[in-house]
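Peer 1: I'd like to ask you about the structure that follows.
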There are 2 protein chains.
Amino acid sequence: MPVPTIEWVGDVDGHIRLIEQTLLPERFDFIECTTPEEIWDAIKQLAVRGAPAIGCAGALGMILGIQNSTATNWDDFSAELAKTADYLASSRPTAVNLFWAIDRMKRVAEENKDLPIPDLQQRLLEEAIGVVEEDKKMCRAIGSHGAELVTDGTRILTHCNAGGLATADYGTALAVMFSAHEQGKKIAVYADETRPLLQGSRLTAWELMQAGIDVTLICDNMAGQVMKEGKIDMVVVGSDRIAANGDAANKIGTYSVSILAKEHGIPFYVAAPSSTFDLSIPDGTHIPIEERASEEITEGFGKRTAPEGVKTYSPAFDVTPHENIAAIITEKGVIERPDTQRIAALLGDGTP
Amino acid sequence: MPVPTIEWVGDVDGHIRLIEQTLLPERFDFIECTTPEEIWDAIKQLAVRGAPAIGCAGALGMILGIQNSTATNWDDFSAELAKTADYLASSRPTAVNLFWAIDRMKRVAEENKDLPIPDLQQRLLEEAIGVVEEDKKMCRAIGSHGAELVTDGTRILTHCNAGGLATADYGTALAVMFSAHEQGKKIAVYADETRPLLQGSRLTAWELMQAGIDVTLICDNMAGQVMKEGKIDMVVVGSDRIAANGDAANKIGTYSVSILAKEHGIPFYVAAPSSTFDLSIPDGTHIPIEERASEEITEGFGKRTAPEGVKTYSPAFDVTPHENIAAIITEKGVIERPDTQRIAALLGDGTP
């Protein structure tokens with residue numbers, strides 16, 4: 001990415017700057033968030049999206065909630081933190097990275113509760129910026145592990161955007177492609193446009209073109225045909241939340257792609273940092289699936305394309321069962337044929 | 001349908017009137033075609049679409065090619081007919097009904113070549129109008145046969161538009177739903193929006209709502225999730241061309257839906273008139289798949305939604321292998337587990 005997807009500008013009294021992704025690829029612009037409400041809206045409206053980037057937004061957003069604190073003791077300060085945490089957590093109920101980042105900030109505050117408030121604020125800012133920096137390192141590591149699975153000439157299908165725009169930069173699924181490309185491997189990528197919000201055409205195609213990678217855009221319903229024509233060697237997608245057994249939630253349509261890949265004997269990979277794992281849930285049935293607004297289907301392009309009053313159903317995510325996943329690519333290594341044992345073996349006790 | 005999808009207006013010197021489907025559901029309007037070029041454009045631009053309706057357009061279009069004939073003998077007249085036939089056949093290379101209707105017109109002309117030219121023109125007009133009338137009867141028969149497969153409470157998924165708008169009226173796949181609904185069965189339909197041109201949201205949802213049938217619109221990539229949630233009892237789609245063994249070409253994405261249905265143990269039905277069968281080709285590998293314009297993906301809604309210069313791939317159709325099809329519903333009856341023998345058994349020598 002030419003610029004960071006999301007970053008903190010200034011000192012404790014500073015603010016969040018993030019790329020306004022809903023305007024891409026037509027316009028490249030930023031949003032400056034100075035209040036918890038503004039970052040909440042940015043998350044909700046998908047101006048910032050992608051599990052790791054939302055984690056960064058959550059960590060940095062906690063600073064917005066306490067930067068103007070007038071608390072003079074831990075109890076009052078802690079109450080402000082808790083309020084901000086609950087508020088930010090309500091913006092995207094499926095995104096485990098959001099909860100993970102918020103909890104991490106609360107934990108660090110608790111651990112440093114004896115510090116004077118200004119020092120504690122400073123410590124929390126360092127932690128939040130640390131979340132962003134770690135994300136960058138994690139993406140590089142995911143790319144490096146994933147690129148070992150890619151050979152010269154590999155043709156890859158991806159769904160939605162698990163790119164630099166979904167993380168602090170560089171991406172998860174796209175990190176695999178960026179890394180293979182940087183190693184000089186000639187790859188070709190098919191990008192599902194990913195209705196309703198077209199993250200594939202607006203973001204993934206844009207990122208890959210910027211990187212000079214051969215990309216072909218298709219509609220979601222063309223993936224099966226492209227596979228049947230023998231044009232795909234592997235599928236790589238991101239994930240928003242992975243259960244202890246490897247069941248992986250990701251953008252709606254991912255589950256269907258996994259079935260199509262299975263039908264055509266194509267390996268299906270998930271690339272995600274260890275922070276995406278939620279070892280507190282045994283399998284994907286425990287992952288809540290948020291439903292999105294009808295208008296995204298009926299007038300998602302600024303123009304009404306369905307009859308007035310038509311009923312819609314718009315699950316934002318689906319869960320791909322671990323049986324359909326050839327491997328999960330993490331920053332700690334590749335978990336082949338993921339299941340509860342193999343995941344625990346790589347992640348240890350699960351605290352990333 | 002409140003008005004015919006396509007009809008002939010007037011005598012031999014008349015013209016074709018058809019519903020301009022690209023404007024639906026926002027505007028309900030007609031196109032009046034007075035030349036072969038105008039009907040060619042209407043077919044190409046999908047103002048009229050759906051295999052049976054295109055067959056009607058082909059038959060009626062032949063009249064536009066010969067209504068002003070100055071030929072005084074069969075050879076000259078026949079040359080005009082052949083020229084019109086070749087021209088019209090080039091508008092949609094996948095649509096076998098188009099070729100079938102055009103060939104039927106040529107055959108009838110040949111059989112009546114001894115008639116004076118004005119009488120021959122009149123005879124051909126009767127034949128073309130007969131194609132339209134037969135289509136209406138066929139749709140009713142398909143609906144009647146198909147409705148026997150539907151019970152009270154059945155939840156049906158469909159893809160694209162095989163409705164009244166795809167035929168002279170009443171439809172093929174939707175005929176099954178209209179007929180079941182008219183029998184008093186309470187059904188619920190999930191309609192794939194069907195990118196890139198959204199025939200599902202623009203046309204199918206509109207037709208079903210007009211008929212008072214419970215319809216829910218989803219994006220194409222949500223079909224797998226809806227099936228997984230146990231919300232679908234059967235899939236019914238149309239077809240543009242069916243090979244001798246039952247392999248069925250239909251709108252892009254249909255093949256994927258058939259795989260998803262198989263994965264979830266949901267029966268997948270194709271509803272199509274016998275004129276859709278092309279017994280001259282043994283299987284689906286012989287069906288040419290036209291590719292459509294990039295702009296339908298990158299700016300299909302009057303607004304650019306993908307980076308400038310992005311490469312696309314846009315097959316208009318795919319072929320569902322007969323193994324994935326529980327039955328083909330025709331006007332002559334239902335062909336269960338379709339294969340070459342069972343299809344030949346119902347269709348006889350294949351000339352509908």
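The chains in the structure tokens are called A, B, ... from first to last as shown; in each chain the residues are counted from 1, and the ligands are counted from 1 in the order shown.
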Distance cut-off 8 Å, counting only C-alpha atoms - which residues of chain A neighbour chain B? Return them as an mmCIF file with C-alpha atoms, in the first residue's frame.

Peer 2:
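Produced file selection_38.cif, reproduced below:
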```cif
data_model
loop_
_atom_site.group_PDB
_atom_site.id
_atom_site.type_symbol
_atom_site.label_atom_id
_atom_site.label_comp_id
_atom_site.auth_asym_id
_atom_site.auth_seq_id
_atom_site.Cartn_x
_atom_site.Cartn_y
_atom_site.Cartn_z
ATOM 1 C CA PRO A 25 -11.497 3.090 -6.641
ATOM 2 C CA GLU A 26 -13.063 6.292 -7.935
ATOM 3 C CA THR A 194 -18.223 -9.741 -4.022
ATOM 4 C CA ARG A 195 -21.752 -8.412 -3.843
ATOM 5 C CA PRO A 196 -23.353 -6.514 -2.311
ATOM 6 C CA LEU A 198 -18.158 -5.048 -4.327
ATOM 7 C CA SER A 201 -13.916 -5.099 -7.736
ATOM 8 C CA ARG A 202 -13.464 -1.856 -5.824
ATOM 9 C CA ALA A 205 -8.682 -5.470 -8.160
ATOM 10 C CA TRP A 206 -7.376 -1.995 -7.349
ATOM 11 C CA MET A 209 -3.313 -3.624 -10.208
ATOM 12 C CA VAL A 215 -5.854 -9.676 -12.109
ATOM 13 C CA THR A 216 -9.132 -10.595 -13.806
ATOM 14 C CA LEU A 217 -12.413 -9.447 -12.314
ATOM 15 C CA ILE A 218 -15.435 -11.757 -12.405
ATOM 16 C CA CYS A 219 -18.941 -11.721 -10.950
ATOM 17 C CA ASP A 220 -19.420 -14.011 -7.961
ATOM 18 C CA ASN A 221 -21.603 -16.392 -9.934
ATOM 19 C CA MET A 222 -18.826 -16.977 -12.508
ATOM 20 C CA ALA A 223 -16.396 -18.653 -10.077
ATOM 21 C CA GLY A 224 -17.775 -22.141 -10.728
ATOM 22 C CA GLN A 225 -17.439 -21.758 -14.482
ATOM 23 C CA ILE A 252 -20.824 -13.969 2.385
ATOM 24 C CA GLY A 253 -20.126 -16.219 -0.590
ATOM 25 C CA THR A 254 -16.901 -17.694 0.778
ATOM 26 C CA TYR A 255 -18.705 -20.863 1.882
ATOM 27 C CA SER A 256 -20.071 -21.312 -1.650
ATOM 28 C CA ILE A 259 -17.914 -25.980 -2.072
ATOM 29 C CA LEU A 260 -17.114 -25.120 -5.683
ATOM 30 C CA GLU A 263 -16.190 -30.039 -6.403
ATOM 31 C CA ILE A 297 -28.949 -5.255 -2.472
ATOM 32 C CA THR A 298 -31.766 -3.188 -3.948
ATOM 33 C CA PHE A 301 -25.003 1.284 -6.886
ATOM 34 C CA GLY A 302 -26.789 4.554 -6.309
ATOM 35 C CA LYS A 303 -29.575 3.346 -8.562
ATOM 36 C CA ARG A 304 -32.583 1.235 -7.697
ATOM 37 C CA THR A 305 -32.282 -2.185 -9.352
ATOM 38 C CA ALA A 306 -35.124 -4.080 -7.677
ATOM 39 C CA PRO A 307 -38.864 -3.487 -7.290
ATOM 40 C CA VAL A 310 -39.185 -6.295 -2.340
ATOM 41 C CA LYS A 311 -38.137 -8.452 0.598
ATOM 42 C CA THR A 312 -34.429 -9.266 0.875
ATOM 43 C CA TYR A 313 -32.147 -11.458 2.957
ATOM 44 C CA SER A 314 -28.579 -10.294 3.350
ATOM 45 C CA PRO A 315 -26.308 -12.264 5.673
ATOM 46 C CA ASP A 318 -20.965 -17.283 6.162
#
```

Peer 1: Name the residues in contact with Ile129 in chain B at a cut-off of 12 Å, using only C-alpha atoms, excluding same-chain residues fewer than 6 positions from it; report them as a list of chain:residue names.

Peer 2: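 Close residues of Ile129 in chain B: B:Ile6, B:Glu7, B:Trp8, B:Val9, B:Gly10, B:Asp11, B:Val12, B:His15, B:Ile16, B:Gly55, B:Cys56, B:Ala57, B:Gly58, B:Ala59, B:Leu60, B:Gly61, B:Met62, B:Ile63, B:Ala101, B:Met105, B:Gln122, B:Arg123, B:Asp135, B:Lys136, B:Ala168.
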
Peer 1: Can you write out the residues you just picked, keeping N, CA and C atoms, as an mmCIF file, in the first residue's frame?

Peer 2:
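Below is the file part.cif, written as the result:
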```cif
data_model
loop_
_atom_site.group_PDB
_atom_site.id
_atom_site.type_symbol
_atom_site.label_atom_id
_atom_site.label_comp_id
_atom_site.auth_asym_id
_atom_site.auth_seq_id
_atom_site.Cartn_x
_atom_site.Cartn_y
_atom_site.Cartn_z
ATOM 1 N N ILE B 6 -44.006 -10.164 -26.026
ATOM 2 C CA ILE B 6 -43.698 -9.863 -27.435
ATOM 3 C C ILE B 6 -44.897 -10.253 -28.289
ATOM 4 N N GLU B 7 -45.245 -9.415 -29.250
ATOM 5 C CA GLU B 7 -46.385 -9.721 -30.123
ATOM 6 C C GLU B 7 -46.235 -9.015 -31.468
ATOM 7 N N TRP B 8 -47.006 -9.492 -32.438
ATOM 8 C CA TRP B 8 -47.049 -8.861 -33.752
ATOM 9 C C TRP B 8 -48.234 -7.911 -33.782
ATOM 10 N N VAL B 9 -48.013 -6.709 -34.291
ATOM 11 C CA VAL B 9 -49.069 -5.706 -34.371
ATOM 12 C C VAL B 9 -49.404 -5.472 -35.837
ATOM 13 N N GLY B 10 -50.663 -5.715 -36.212
ATOM 14 C CA GLY B 10 -51.085 -5.436 -37.577
ATOM 15 C C GLY B 10 -50.992 -6.638 -38.490
ATOM 16 N N ASP B 11 -51.031 -6.337 -39.802
ATOM 17 C CA ASP B 11 -51.004 -7.378 -40.829
ATOM 18 C C ASP B 11 -49.551 -7.605 -41.273
ATOM 19 N N VAL B 12 -49.356 -8.124 -42.467
ATOM 20 C CA VAL B 12 -47.987 -8.400 -42.945
ATOM 21 C C VAL B 12 -47.128 -7.134 -42.922
ATOM 22 N N HIS B 15 -45.660 -4.639 -37.411
ATOM 23 C CA HIS B 15 -44.355 -4.626 -36.742
ATOM 24 C C HIS B 15 -44.420 -5.405 -35.435
ATOM 25 N N ILE B 16 -43.258 -5.529 -34.770
ATOM 26 C CA ILE B 16 -43.171 -6.238 -33.495
ATOM 27 C C ILE B 16 -43.244 -5.222 -32.358
ATOM 28 N N GLY B 55 -37.014 -17.013 -29.342
ATOM 29 C CA GLY B 55 -37.572 -17.805 -30.446
ATOM 30 C C GLY B 55 -38.712 -17.042 -31.119
ATOM 31 N N CYS B 56 -39.597 -16.472 -30.317
ATOM 32 C CA CYS B 56 -40.702 -15.659 -30.856
ATOM 33 C C CYS B 56 -40.130 -14.474 -31.646
ATOM 34 N N ALA B 57 -39.124 -13.830 -31.072
ATOM 35 C CA ALA B 57 -38.518 -12.677 -31.740
ATOM 36 C C ALA B 57 -37.906 -13.080 -33.078
ATOM 37 N N GLY B 58 -37.299 -14.275 -33.104
ATOM 38 C CA GLY B 58 -36.699 -14.765 -34.348
ATOM 39 C C GLY B 58 -37.750 -15.013 -35.414
ATOM 40 N N ALA B 59 -38.843 -15.671 -35.025
ATOM 41 C CA ALA B 59 -39.903 -15.976 -35.988
ATOM 42 C C ALA B 59 -40.536 -14.690 -36.516
ATOM 43 N N LEU B 60 -40.880 -13.792 -35.600
ATOM 44 C CA LEU B 60 -41.502 -12.529 -36.013
ATOM 45 C C LEU B 60 -40.500 -11.658 -36.783
ATOM 46 N N GLY B 61 -39.241 -11.743 -36.372
ATOM 47 C CA GLY B 61 -38.199 -10.962 -37.045
ATOM 48 C C GLY B 61 -38.040 -11.339 -38.507
ATOM 49 N N MET B 62 -38.290 -12.600 -38.810
ATOM 50 C CA MET B 62 -38.207 -13.047 -40.207
ATOM 51 C C MET B 62 -39.221 -12.295 -41.073
ATOM 52 N N ILE B 63 -40.370 -11.979 -40.500
ATOM 53 C CA ILE B 63 -41.389 -11.231 -41.257
ATOM 54 C C ILE B 63 -40.872 -9.831 -41.597
ATOM 55 N N ALA B 101 -36.547 -21.414 -34.370
ATOM 56 C CA ALA B 101 -37.663 -20.623 -34.903
ATOM 57 C C ALA B 101 -37.356 -20.149 -36.327
ATOM 58 N N MET B 105 -39.331 -21.195 -39.874
ATOM 59 C CA MET B 105 -39.849 -20.235 -40.849
ATOM 60 C C MET B 105 -39.329 -20.560 -42.254
ATOM 61 N N GLN B 122 -48.152 -13.957 -46.214
ATOM 62 C CA GLN B 122 -49.266 -14.136 -45.281
ATOM 63 C C GLN B 122 -49.136 -15.450 -44.516
ATOM 64 N N ARG B 123 -48.762 -16.491 -45.264
ATOM 65 C CA ARG B 123 -48.589 -17.820 -44.650
ATOM 66 C C ARG B 123 -47.489 -17.777 -43.581
ATOM 67 N N ASP B 135 -46.109 -21.058 -27.939
ATOM 68 C CA ASP B 135 -45.276 -20.797 -26.768
ATOM 69 C C ASP B 135 -46.144 -20.596 -25.529
ATOM 70 N N LYS B 136 -47.228 -19.849 -25.720
ATOM 71 C CA LYS B 136 -48.133 -19.630 -24.583
ATOM 72 C C LYS B 136 -48.694 -20.954 -24.067
ATOM 73 N N ALA B 168 -43.430 -15.806 -24.390
ATOM 74 C CA ALA B 168 -44.509 -14.938 -24.870
ATOM 75 C C ALA B 168 -45.319 -14.428 -23.672
#
```

Peer 1: Quick check for you: according to DSSP on this backbone, which residues of range 13-120 of chain A are classed as strand (DSSP E or B)? Reply as number ranges by chain.

Peer 2: A: 15-19, 30-33

Peer 1: If you count only C-alpha atoms, which residues fall within 12 Å of Gly333 in chain A, apart from same-chain ones fewer than 2 positions away, as a PyMOL selection string?

Peer 2: chain A and resi 138-149+271-274+327-331+335-336+342-343+345-347

Peer 1: Export, as a PDB file, in the first residue's frame, the selected residues with N, CA and C atoms.

Peer 2:
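Result file follows (again29.pdb):
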```pdb
ATOM      1  N   MET A 138       2.793  -9.103  11.178  1.00  0.00           N
ATOM      2  CA  MET A 138       2.034 -10.342  10.981  1.00  0.00           C
ATOM      3  C   MET A 138       1.708 -10.560   9.512  1.00  0.00           C
ATOM      4  N   CYS A 139       1.310  -9.491   8.843  1.00  0.00           N
ATOM      5  CA  CYS A 139       0.953  -9.616   7.430  1.00  0.00           C
ATOM      6  C   CYS A 139       2.160 -10.073   6.615  1.00  0.00           C
ATOM      7  N   ARG A 140       3.329  -9.503   6.901  1.00  0.00           N
ATOM      8  CA  ARG A 140       4.542  -9.907   6.191  1.00  0.00           C
ATOM      9  C   ARG A 140       4.824 -11.391   6.420  1.00  0.00           C
ATOM     10  N   ALA A 141       4.616 -11.834   7.661  1.00  0.00           N
ATOM     11  CA  ALA A 141       4.887 -13.245   7.987  1.00  0.00           C
ATOM     12  C   ALA A 141       3.882 -14.169   7.300  1.00  0.00           C
ATOM     13  N   ILE A 142       2.619 -13.755   7.269  1.00  0.00           N
ATOM     14  CA  ILE A 142       1.595 -14.546   6.559  1.00  0.00           C
ATOM     15  C   ILE A 142       1.971 -14.647   5.082  1.00  0.00           C
ATOM     16  N   GLY A 143       2.357 -13.520   4.505  1.00  0.00           N
ATOM     17  CA  GLY A 143       2.743 -13.511   3.091  1.00  0.00           C
ATOM     18  C   GLY A 143       3.900 -14.460   2.829  1.00  0.00           C
ATOM     19  N   SER A 144       4.859 -14.432   3.709  1.00  0.00           N
ATOM     20  CA  SER A 144       6.052 -15.259   3.550  1.00  0.00           C
ATOM     21  C   SER A 144       5.710 -16.753   3.645  1.00  0.00           C
ATOM     22  N   HIS A 145       4.905 -17.135   4.644  1.00  0.00           N
ATOM     23  CA  HIS A 145       4.490 -18.545   4.764  1.00  0.00           C
ATOM     24  C   HIS A 145       3.625 -18.968   3.577  1.00  0.00           C
ATOM     25  N   GLY A 146       2.693 -18.097   3.202  1.00  0.00           N
ATOM     26  CA  GLY A 146       1.764 -18.448   2.138  1.00  0.00           C
ATOM     27  C   GLY A 146       2.445 -18.564   0.786  1.00  0.00           C
ATOM     28  N   ALA A 147       3.436 -17.724   0.556  1.00  0.00           N
ATOM     29  CA  ALA A 147       4.096 -17.717  -0.750  1.00  0.00           C
ATOM     30  C   ALA A 147       4.797 -19.041  -1.033  1.00  0.00           C
ATOM     31  N   GLU A 148       5.103 -19.791   0.023  1.00  0.00           N
ATOM     32  CA  GLU A 148       5.731 -21.109  -0.194  1.00  0.00           C
ATOM     33  C   GLU A 148       4.774 -22.084  -0.874  1.00  0.00           C
ATOM     34  N   LEU A 149       3.478 -21.810  -0.765  1.00  0.00           N
ATOM     35  CA  LEU A 149       2.469 -22.669  -1.401  1.00  0.00           C
ATOM     36  C   LEU A 149       2.241 -22.301  -2.863  1.00  0.00           C
ATOM     37  N   ALA A 271      -6.152 -17.346   4.846  1.00  0.00           N
ATOM     38  CA  ALA A 271      -4.988 -16.643   5.380  1.00  0.00           C
ATOM     39  C   ALA A 271      -5.473 -15.665   6.439  1.00  0.00           C
ATOM     40  N   ALA A 272      -4.973 -15.804   7.654  1.00  0.00           N
ATOM     41  CA  ALA A 272      -5.461 -14.951   8.750  1.00  0.00           C
ATOM     42  C   ALA A 272      -4.460 -14.957   9.898  1.00  0.00           C
ATOM     43  N   PRO A 273      -4.325 -13.825  10.575  1.00  0.00           N
ATOM     44  CA  PRO A 273      -3.443 -13.796  11.739  1.00  0.00           C
ATOM     45  C   PRO A 273      -4.038 -14.602  12.889  1.00  0.00           C
ATOM     46  N   SER A 274      -3.187 -14.970  13.845  1.00  0.00           N
ATOM     47  CA  SER A 274      -3.664 -15.793  14.961  1.00  0.00           C
ATOM     48  C   SER A 274      -4.706 -15.048  15.794  1.00  0.00           C
ATOM     49  N   ALA A 327      -5.700 -25.611   4.207  1.00  0.00           N
ATOM     50  CA  ALA A 327      -4.774 -25.133   5.241  1.00  0.00           C
ATOM     51  C   ALA A 327      -5.148 -23.716   5.645  1.00  0.00           C
ATOM     52  N   ILE A 328      -4.800 -23.360   6.883  1.00  0.00           N
ATOM     53  CA  ILE A 328      -4.917 -21.981   7.342  1.00  0.00           C
ATOM     54  C   ILE A 328      -3.501 -21.426   7.454  1.00  0.00           C
ATOM     55  N   ILE A 329      -3.289 -20.309   6.768  1.00  0.00           N
ATOM     56  CA  ILE A 329      -1.961 -19.688   6.734  1.00  0.00           C
ATOM     57  C   ILE A 329      -1.938 -18.581   7.789  1.00  0.00           C
ATOM     58  N   THR A 330      -1.131 -18.744   8.832  1.00  0.00           N
ATOM     59  CA  THR A 330      -1.036 -17.726   9.876  1.00  0.00           C
ATOM     60  C   THR A 330       0.380 -17.153   9.902  1.00  0.00           C
ATOM     61  N   GLU A 331       0.572 -16.138  10.736  1.00  0.00           N
ATOM     62  CA  GLU A 331       1.914 -15.576  10.846  1.00  0.00           C
ATOM     63  C   GLU A 331       2.860 -16.523  11.569  1.00  0.00           C
ATOM     64  N   ILE A 335      -1.209 -24.213   9.005  1.00  0.00           N
ATOM     65  CA  ILE A 335      -1.897 -25.338   9.658  1.00  0.00           C
ATOM     66  C   ILE A 335      -2.627 -26.128   8.580  1.00  0.00           C
ATOM     67  N   GLU A 336      -2.048 -27.265   8.186  1.00  0.00           N
ATOM     68  CA  GLU A 336      -2.676 -28.062   7.132  1.00  0.00           C
ATOM     69  C   GLU A 336      -3.817 -28.885   7.704  1.00  0.00           C
ATOM     70  N   ARG A 342      -4.671 -29.700  15.644  1.00  0.00           N
ATOM     71  CA  ARG A 342      -3.584 -29.072  14.884  1.00  0.00           C
ATOM     72  C   ARG A 342      -3.522 -27.573  15.143  1.00  0.00           C
ATOM     73  N   ILE A 343      -4.697 -26.969  15.329  1.00  0.00           N
ATOM     74  CA  ILE A 343      -4.725 -25.527  15.618  1.00  0.00           C
ATOM     75  C   ILE A 343      -4.126 -25.263  17.001  1.00  0.00           C
ATOM     76  N   ALA A 345      -2.024 -27.058  18.513  1.00  0.00           N
ATOM     77  CA  ALA A 345      -0.598 -27.372  18.469  1.00  0.00           C
ATOM     78  C   ALA A 345       0.223 -26.174  17.999  1.00  0.00           C
ATOM     79  N   LEU A 346      -0.314 -25.438  17.022  1.00  0.00           N
ATOM     80  CA  LEU A 346       0.459 -24.287  16.526  1.00  0.00           C
ATOM     81  C   LEU A 346       0.276 -23.048  17.392  1.00  0.00           C
ATOM     82  N   LEU A 347      -0.957 -22.854  17.865  1.00  0.00           N
ATOM     83  CA  LEU A 347      -1.236 -21.603  18.578  1.00  0.00           C
ATOM     84  C   LEU A 347      -0.979 -21.685  20.068  1.00  0.00           C
TER      85      LEU A 347
END
```

Peer 1: DSSP on the backbone: what in range 85-322 of chain B comes out helix (DSSP H, G or I), as a PyMOL selection string?

Peer 2: chain B and resi 85-89+96-111+117-147+164-166+173-182+199-210+220-228+254-263+274-276+284-286+295-298+322

Peer 1: Identify, on the basis of only C-alpha atoms, every residue whose closest approach to Ala79 in chain A does not exceed 12 Å; exclude the query and any residue fewer than 2 positions from it along the same chain; express the result as a count of residues only.

Peer 2: 20

Peer 1: Please measure the separation of CA of Ala211 in chain B and CA of Glu295 in chain A, giving the value in Å to one decimal.

Peer 2: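 Distance between the two atoms: 23.0 Å.
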
Peer 1: Excluding Leu18 in chain B and its own-chain neighbours fewer than 2 positions away, which residues fall within 12 Å of it when counting only C-alpha atoms? Please give them as a ChimeraX atom specification.

Peer 2: /B:3-9,15-16,20-22,28-34,38-39,42-43,46-49,53-54,56-57,60-61,165-169

Peer 1: Give me the residues near range 278-280 of chain B as number ranges by chain, where near means some atom within 8 Å (using only C-alpha atoms) and where sequence neighbours in that chain fewer than 4 positions away do not count.

Peer 2: B: 96, 241-244, 350

Peer 1: What is the distance between CA of Ile232 in chain B and CA of Asn161 in chain B, in Å to one decimal?

Peer 2: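 Going from CA of Ile232 in chain B over to CA of Asn161 in chain B covers 18.0 Å.
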
Peer 1: Residues near Leu174 in chain B, anyone? I mean within 7 Å using only C-alpha atoms, not counting same-chain ones fewer than 3 positions away, as a PyMOL selection string.

Peer 2: chain B and resi 162-163+171+177-178

Peer 1: Write to file, as an mmCIF file, in the first residue's frame, the residues of the selection just made, with N, CA and C atoms.

Peer 2:
```cif
data_model
loop_
_atom_site.group_PDB
_atom_site.id
_atom_site.type_symbol
_atom_site.label_atom_id
_atom_site.label_comp_id
_atom_site.auth_asym_id
_atom_site.auth_seq_id
_atom_site.Cartn_x
_atom_site.Cartn_y
_atom_site.Cartn_z
ATOM 1 N N ALA B 162 -36.620 -16.920 -15.816
ATOM 2 C CA ALA B 162 -37.276 -17.803 -16.768
ATOM 3 C C ALA B 162 -38.767 -17.632 -16.530
ATOM 4 N N GLY B 163 -39.197 -16.373 -16.609
ATOM 5 C CA GLY B 163 -40.564 -16.014 -16.301
ATOM 6 C C GLY B 163 -41.349 -15.647 -17.534
ATOM 7 N N GLY B 171 -43.983 -17.922 -18.733
ATOM 8 C CA GLY B 171 -42.675 -18.411 -18.351
ATOM 9 C C GLY B 171 -42.498 -19.913 -18.364
ATOM 10 N N MET B 177 -44.086 -21.984 -10.659
ATOM 11 C CA MET B 177 -44.483 -21.262 -9.443
ATOM 12 C C MET B 177 -45.858 -20.622 -9.613
ATOM 13 N N PHE B 178 -46.082 -20.000 -10.776
ATOM 14 C CA PHE B 178 -47.391 -19.389 -11.045
ATOM 15 C C PHE B 178 -48.488 -20.453 -10.940
#
```

Peer 1: Quick one, how far is CA of Gly153 in chain B from CA of Lys185 in chain B?

Peer 2: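 Computed distance, CA of Gly153 in chain B to CA of Lys185 in chain B, equals 6.9 Å.
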